[in-house]
file query38.json (JSON, C-alpha atoms)
[["chain", "number", "residue", "atom", "x", "y", "z"],
["O", 1, "MET", "CA", -9.09, 47.60, 19.14],
["O", 2, "ARG", "CA", -5.40, 48.39, 19.52],
["O", 3, "GLN", "CA", -2.69, 47.75, 22.04],
["O", 4, "ILE", "CA", -1.40, 50.83, 23.87],
["O", 5, "ILE", "CA", 0.86, 51.79, 26.75],
["O", 6, "VAL", "CA", -1.27, 53.48, 29.41],
["O", 7, "ARG", "CA", -0.42, 57.18, 29.80],
["O", 8, "TYR", "CA", -2.95, 58.00, 32.56],
["O", 9, "ASP", "CA", -4.11, 55.96, 35.53],
["O", 10, "GLY", "CA", -7.45, 54.26, 34.91],
["O", 11, "THR", "CA", -9.44, 51.07, 35.40],
["O", 12, "CYS", "CA", -10.35, 48.19, 33.12],
["O", 13, "ALA", "CA", -13.86, 48.65, 31.68],
["O", 14, "LYS", "CA", -14.57, 44.93, 32.18],
["O", 15, "CYS", "CA", -12.93, 43.69, 35.39],
["O", 16, "GLY", "CA", -12.30, 47.01, 37.15],
["O", 17, "ASN", "CA", -8.59, 46.32, 37.85],
["O", 18, "ALA", "CA", -6.32, 49.35, 38.09],
["O", 19, "LEU", "CA", -4.39, 50.21, 34.94],
["O", 20, "ASN", "CA", -1.37, 52.27, 36.02],
["O", 21, "VAL", "CA", 0.84, 54.43, 33.83],
["O", 22, "GLY", "CA", 3.25, 52.41, 31.68],
["O", 23, "ARG", "CA", 1.18, 49.22, 31.65],
["O", 24, "VAL", "CA", 0.18, 47.58, 28.36],
["O", 25, "ALA", "CA", -3.58, 47.57, 27.68],
["O", 26, "MET", "CA", -6.13, 47.32, 24.88],
["O", 27, "TYR", "CA", -8.05, 50.44, 23.84],
["O", 28, "GLU", "CA", -10.83, 51.53, 21.51],
["O", 29, "LYS", "CA", -12.28, 55.03, 21.54],
["O", 30, "GLY", "CA", -15.90, 53.89, 21.49],
["O", 31, "MET", "CA", -15.49, 51.26, 24.23],
["O", 32, "GLY", "CA", -12.74, 52.27, 26.66],
["O", 33, "ILE", "CA", -9.61, 50.65, 28.04],
["O", 34, "PHE", "CA", -9.19, 46.96, 28.97],
["O", 35, "CYS", "CA", -6.55, 44.71, 30.56],
["O", 36, "LEU", "CA", -4.81, 42.38, 28.14],
["O", 37, "GLY", "CA", -7.11, 39.38, 27.80],
["O", 38, "CYS", "CA", -10.18, 41.25, 29.11],
["O", 39, "GLU", "CA", -10.94, 42.99, 25.82],
["O", 40, "PRO", "CA", -14.21, 41.89, 24.20],
["O", 41, "LYS", "CA", -13.75, 39.61, 21.20],
["O", 42, "ASP", "CA", -17.32, 38.48, 20.46],
["O", 43, "GLU", "CA", -19.36, 40.78, 18.16],
["O", 44, "GLU", "CA", -22.28, 41.04, 20.58],
["O", 45, "GLU", "CA", -19.98, 41.82, 23.51],
["O", 46, "ILE", "CA", -18.31, 44.56, 21.44],
["O", 47, "ARG", "CA", -21.75, 45.93, 20.53],
["O", 48, "GLU", "CA", -22.74, 45.93, 24.21],
["O", 49, "TYR", "CA", -19.73, 48.06, 25.26],
["O", 50, "ARG", "CA", -20.21, 50.43, 22.32],
["O", 51, "THR", "CA", -23.91, 50.76, 23.16],
["O", 52, "ILE", "CA", -23.14, 51.71, 26.78],
["O", 53, "LYS", "CA", -20.84, 54.55, 25.66],
["O", 54, "ALA", "CA", -23.19, 55.66, 22.86],
["O", 55, "GLU", "CA", -26.19, 55.75, 25.21],
["O", 56, "ARG", "CA", -24.32, 57.97, 27.68],
["O", 57, "LYS", "CA", -23.35, 60.40, 24.92],
["O", 58, "ALA", "CA", -26.85, 60.34, 23.39],
["O", 59, "GLU", "CA", -28.44, 61.02, 26.80],
["O", 60, "ARG", "CA", -26.22, 64.09, 27.26],
["O", 61, "LEU", "CA", -27.17, 65.36, 23.80],
["O", 62, "ILE", "CA", -30.89, 64.80, 24.41],
["O", 63, "ALA", "CA", -30.64, 66.65, 27.74],
["O", 64, "LYS", "CA", -28.93, 69.53, 25.92],
["O", 65, "ALA", "CA", -31.68, 69.55, 23.27],
["O", 66, "GLU", "CA", -34.39, 69.67, 25.96],
["O", 67, "ARG", "CA", -32.60, 72.54, 27.71],
["O", 68, "LEU", "CA", -32.33, 74.45, 24.41],
["O", 69, "GLU", "CA", -36.04, 73.93, 23.70],
["O", 70, "GLU", "CA", -37.00, 75.26, 27.15],
["O", 71, "GLU", "CA", -34.80, 78.34, 26.73],
["O", 72, "ALA", "CA", -36.17, 78.88, 23.22],
["O", 73, "GLN", "CA", -39.76, 78.82, 24.48],
["O", 74, "ALA", "CA", -38.88, 81.42, 27.12],
["O", 75, "LYS", "CA", -37.22, 83.68, 24.51],
["O", 76, "MET", "CA", -40.13, 83.34, 22.07],
["O", 77, "SER", "CA", -42.88, 83.91, 24.66],
["O", 78, "SER", "CA", -42.48, 87.71, 24.69],
["O", 79, "PHE", "CA", -43.24, 87.86, 20.95],
["O", 80, "GLU", "CA", -46.21, 85.53, 21.37],
["O", 81, "ALA", "CA", -47.69, 87.98, 23.89],
["O", 82, "MET", "CA", -47.36, 90.82, 21.33],
["O", 83, "ARG", "CA", -48.60, 88.79, 18.32],
["O", 84, "GLY", "CA", -52.11, 90.31, 18.46],
["O", 85, "ASP", "CA", -50.86, 93.93, 18.69],
["O", 86, "ILE", "CA", -50.66, 94.73, 14.96],
["O", 87, "ALA", "CA", -49.91, 98.42, 15.57],
["O", 88, "PHE", "CA", -46.87, 97.61, 17.70],
["O", 89, "ILE", "CA", -45.55, 95.04, 15.22],
["O", 90, "THR", "CA", -46.12, 97.01, 11.98],
["O", 91, "GLN", "CA", -45.51, 100.60, 13.13],
["O", 92, "PRO", "CA", -42.76, 102.19, 11.00],
["O", 93, "GLY", "CA", -39.53, 103.40, 12.49],
["O", 94, "TYR", "CA", -37.08, 102.05, 15.01],
["O", 95, "ILE", "CA", -38.69, 100.92, 18.27],
["O", 96, "PRO", "CA", -36.11, 99.55, 20.73],
["O", 97, "ALA", "CA", -38.61, 97.35, 22.60],
["O", 98, "ARG", "CA", -39.82, 95.75, 19.35],
["O", 99, "GLU", "CA", -36.24, 95.17, 18.20],
["O", 100, "ARG", "CA", -35.41, 93.47, 21.52],
["O", 101, "ILE", "CA", -38.47, 91.23, 21.22],
["O", 102, "LEU", "CA", -37.65, 90.30, 17.61],
["O", 103, "ARG", "CA", -33.99, 89.58, 18.44],
["O", 104, "SER", "CA", -35.12, 87.38, 21.31],
["O", 105, "TYR", "CA", -37.63, 85.57, 19.06],
["O", 106, "ASN", "CA", -35.03, 84.99, 16.34],
["O", 107, "ARG", "CA", -32.55, 83.65, 18.91],
["O", 108, "GLY", "CA", -35.26, 81.29, 20.17],
["O", 109, "ALA", "CA", -35.91, 80.06, 16.61],
["O", 110, "ASP", "CA", -32.16, 79.44, 16.19],
["O", 111, "MET", "CA", -32.12, 77.50, 19.46],
["O", 112, "ILE", "CA", -35.01, 75.30, 18.30],
["O", 113, "GLN", "CA", -33.06, 74.50, 15.12],
["O", 114, "GLU", "CA", -29.96, 73.72, 17.19],
["O", 115, "ALA", "CA", -32.05, 71.45, 19.45],
["O", 116, "LYS", "CA", -33.38, 69.60, 16.40],
["O", 117, "GLU", "CA", -29.85, 69.08, 15.05],
["O", 118, "THR", "CA", -28.68, 67.89, 18.48],
["O", 119, "ARG", "CA", -31.49, 65.30, 18.63],
["O", 120, "GLU", "CA", -30.58, 64.08, 15.13],
["O", 121, "ARG", "CA", -26.95, 63.77, 16.24],
["O", 122, "ALA", "CA", -28.03, 61.67, 19.24],
["O", 123, "GLU", "CA", -30.02, 59.34, 16.95],
["O", 124, "SER", "CA", -27.04, 59.09, 14.60],
["O", 125, "ILE", "CA", -24.73, 58.17, 17.48],
["O", 126, "MET", "CA", -27.07, 55.40, 18.61],
["O", 127, "PHE", "CA", -27.22, 54.02, 15.07],
["O", 128, "TYR", "CA", -23.62, 54.30, 13.86],
["O", 129, "LYS", "CA", -21.56, 54.02, 17.06],
["O", 130, "THR", "CA", -23.16, 50.68, 18.05],
["O", 131, "ARG", "CA", -22.39, 48.89, 14.80],
["O", 132, "VAL", "CA", -19.81, 46.10, 14.59],
["O", 133, "LYS", "CA", -17.90, 44.52, 11.74],
["O", 134, "GLY", "CA", -20.24, 42.47, 9.54],
["O", 135, "ASP", "CA", -23.49, 44.35, 10.32],
["O", 136, "THR", "CA", -23.73, 45.75, 6.79],
["O", 137, "GLU", "CA", -23.22, 42.34, 5.18],
["O", 138, "ARG", "CA", -25.80, 40.75, 7.50],
["O", 139, "GLU", "CA", -28.34, 43.44, 6.55],
["O", 140, "ARG", "CA", -27.53, 42.93, 2.88],
["O", 141, "GLN", "CA", -28.00, 39.16, 3.27],
["O", 142, "LYS", "CA", -31.44, 39.69, 4.85],
["O", 143, "GLU", "CA", -32.39, 41.86, 1.86],
["O", 144, "ARG", "CA", -31.15, 39.12, -0.51],
["O", 145, "GLU", "CA", -33.24, 36.47, 1.29],
["O", 146, "LYS", "CA", -36.29, 38.73, 1.20],
["O", 147, "ASN", "CA", -35.85, 39.26, -2.56],
["O", 148, "ASP", "CA", -35.34, 35.52, -3.14],
["O", 149, "GLU", "CA", -38.84, 34.91, -1.79],
["O", 150, "ILE", "CA", -40.48, 37.18, -4.39],
["O", 151, "ILE", "CA", -38.14, 37.29, -7.42],
["O", 152, "LYS", "CA", -38.08, 34.40, -9.90],
["O", 153, "VAL", "CA", -36.48, 33.84, -13.32],
["O", 154, "GLY", "CA", -38.29, 35.96, -15.94],
["O", 155, "ASP", "CA", -39.39, 38.70, -13.48],
["O", 156, "THR", "CA", -38.78, 42.34, -14.31],
["O", 157, "VAL", "CA", -36.59, 44.11, -11.77],
["O", 158, "GLU", "CA", -35.23, 47.61, -11.35],
["O", 159, "CYS", "CA", -31.72, 48.50, -10.22],
["O", 160, "SER", "CA", -30.82, 52.10, -9.34],
["O", 161, "LEU", "CA", -27.50, 51.65, -11.14],
["O", 162, "HIS", "CA", -28.53, 49.85, -14.34],
["O", 163, "GLY", "CA", -32.26, 50.54, -14.74],
["O", 164, "ARG", "CA", -34.91, 47.93, -15.63],
["O", 165, "GLY", "CA", -34.14, 44.44, -16.76],
["O", 166, "THR", "CA", -35.26, 40.80, -16.79],
["O", 167, "VAL", "CA", -33.87, 38.13, -14.46],
["O", 168, "LEU", "CA", -32.20, 35.35, -16.48],
["O", 169, "LYS", "CA", -30.55, 33.34, -13.70],
["O", 170, "ILE", "CA", -30.55, 33.20, -9.89],
["O", 171, "ASN", "CA", -27.10, 32.79, -8.29],
["O", 172, "LYS", "CA", -26.04, 32.59, -4.64],
["O", 173, "LYS", "CA", -25.65, 36.36, -4.05],
["O", 174, "THR", "CA", -26.56, 37.82, -7.44],
["O", 175, "TYR", "CA", -29.15, 37.74, -10.20],
["O", 176, "THR", "CA", -27.96, 37.60, -13.78],
["O", 177, "VAL", "CA", -30.07, 40.35, -15.34],
["O", 178, "GLN", "CA", -30.51, 41.32, -18.99],
["O", 179, "TYR", "CA", -30.66, 45.11, -19.14],
["O", 180, "GLU", "CA", -30.66, 47.21, -22.31],
["O", 181, "TRP", "CA", -27.03, 46.28, -22.95],
["O", 182, "PRO", "CA", -26.10, 43.34, -25.19],
["O", 183, "THR", "CA", -24.61, 41.20, -22.38],
["O", 184, "PRO", "CA", -26.33, 40.18, -19.13],
["O", 185, "ILE", "CA", -24.93, 41.72, -15.94],
["O", 186, "PRO", "CA", -24.62, 39.96, -12.57],
["O", 187, "THR", "CA", -26.34, 42.26, -10.06],
["O", 188, "ASP", "CA", -26.30, 41.89, -6.27],
["O", 189, "LYS", "CA", -29.67, 40.66, -5.03],
["O", 190, "SER", "CA", -29.88, 43.48, -2.49],
["O", 191, "TRP", "CA", -29.64, 46.14, -5.23],
["O", 192, "VAL", "CA", -32.79, 45.19, -7.13],
["O", 193, "LYS", "CA", -36.49, 45.69, -6.58],
["O", 194, "LYS", "CA", -39.22, 43.68, -8.29],
["O", 195, "ILE", "CA", -41.46, 45.62, -10.68],
["O", 196, "GLU", "CA", -45.09, 44.49, -10.50]]
call {"tool": "encode", "arguments": {"input": "query38.json", "output": "structure tokens"}}
result
Amino acid sequence: MRQIIVRYDGTCAKCGNALNVGRVAMYEKGMGIFCLGCEPKDEEEIREYRTIKAERKAERLIAKAERLEEEAQAKMSSFEAMRGDIAFITQPGYIPARERILRSYNRGADMIQEAKETRERAESIMFYKTRVKGDTERERQKEREKNDEIIKVGDTVECSLHGRGTVLKINKKTYTVQYEWPTPIPTDKSWVKKIE
């Protein structure tokens, strides 16, 4: 969040007070504009404001994807009606009606692909735009705790970076692992997976 001088009239996203041109305010692209002192400081409050914005954007994208899918079905329906007419489809030469139907079908297929990409973008927005500082470390810590329950000294583990090795020591955030190299390497607990 950064401090700005308001260039357009608006309202505080929290209290609803008017923010006129020239006034000092706090702003973040994913959350909106706030009066000084109204800006969210708690991680969960920040996540809440980001989620509101992300949900609105994701809803618009999903509506666009649904509209594209409906249009695609309409464009592809004319080919579906002709699918059983082998003579019409395979007859040599240029047939304007067939070319129109195939162009329409291909455009429908492109629209379905665009709808799929739009849905994926909406999912991505809901995942990445609602994250706050420290989420990655919290997830990593959960993975470490999960591994601590199953990995003991002497177990064989696999790390995508170093390969297979044996756990020699358990530290706070790492395992000291003996890989194929002469010296043991401290490896983050979230990077390894136990080999049965």
call {"tool": "closest_residue", "arguments": {"input": "query38.json", "among": "O:Met1, O:Val177, O:Gly22, O:Glu66", "to": "O:Lys41", "atoms": "all atoms listed in the file"}}
result
O:Met1
call {"tool": "axis_aligned_box", "arguments": {"input": "query38.json", "around": "stretch 168-187 of chain O", "padding_each_side": "4 Å", "output": "JSON"}}
result
{"center_x": -28.4, "center_y": 39.9, "center_z": -14.6, "size_x": 15.6, "size_y": 22.6, "size_z": 29.1}
call {"tool": "closest_residue", "arguments": {"input": "query38.json", "among": "O:Leu68, O:Ala54, O:Ala13, O:Ile195", "to": "O:Val157", "atoms": "all atoms listed in the file"}}
result
O:Ile195
call {"tool": "atom_distance", "arguments": {"input": "query38.json", "atom1": "atom CA of O:Gly16", "atom2": "atom CA of O:Lys53"}}
result
16.2 Å
call {"tool": "closest_residue", "arguments": {"input": "query38.json", "among": "O:Thr130, O:Gln3, O:Ser77, O:Asn106", "to": "O:Glu48", "atoms": "only C-alpha atoms"}}
result
O:Thr130
call {"tool": "atom_distance", "arguments": {"input": "query38.json", "atom1": "atom CA of O:Glu123", "atom2": "atom CA of O:Val192"}}
result
28.1 Å
call {"tool": "atom_distance", "arguments": {"input": "query38.json", "atom1": "atom CA of O:Glu69", "atom2": "atom CA of O:Ile95"}}
result
27.7 Å
call {"tool": "residues_near_point", "arguments": {"input": "query38.json", "point": "(-28.0, 68.9, 19.5)", "cutoff": "9 Å", "atoms": "only C-alpha atoms", "output": "PyMOL selection string"}}
result
chain O and resi 61-65+68+113-122
call {"tool": "closest_residue", "arguments": {"input": "query38.json", "among": "O:Gln141, O:Thr166, O:Asn17, O:Ser160", "to": "O:Lys189", "atoms": "all atoms listed in the file"}}
result
O:Gln141
call {"tool": "closest_residue", "arguments": {"input": "query38.json", "among": "O:Tyr105, O:Phe127, O:Phe34, O:Tyr27", "to": "O:Phe79", "atoms": "only C-alpha atoms"}}
result
O:Tyr105
call {"tool": "residues_near_point", "arguments": {"input": "query38.json", "point": "(-0.8, 57.4, 35.5)", "cutoff": "8 Å", "atoms": "all atoms listed in the file", "output": "ChimeraX atom specification"}}
result
/O:6-10,20-22
call {"tool": "closest_residue", "arguments": {"input": "query38.json", "among": "O:Leu102, O:Met31, O:Met126, O:Val153", "to": "O:Thr176", "atoms": "only C-alpha atoms"}}
result
O:Val153
call {"tool": "residues_around", "arguments": {"input": "query38.json", "residues": "O:Trp191", "least_positions_apart": "3", "cutoff": "10 Å", "atoms": "only C-alpha atoms", "output": "VMD selection string"}}
result
chain O and resid 140 143 to 144 147 157 to 162 174 to 175 187 to 188
call {"tool": "residues_around", "arguments": {"input": "query38.json", "residues": "O:Ile101", "least_positions_apart": "5", "cutoff": "9 Å", "atoms": "all atoms listed in the file", "output": "list in words"}}
result
Lys75, Met76, Ser78, Phe79, Met82, Pro96 and Asn106 of chain O
call {"tool": "residues_around", "arguments": {"input": "query38.json", "residues": "O:Glu45", "least_positions_apart": "6", "cutoff": "10 Å", "atoms": "all atoms listed in the file", "output": "VMD selection string"}}
result
chain O and resid 39 51 132
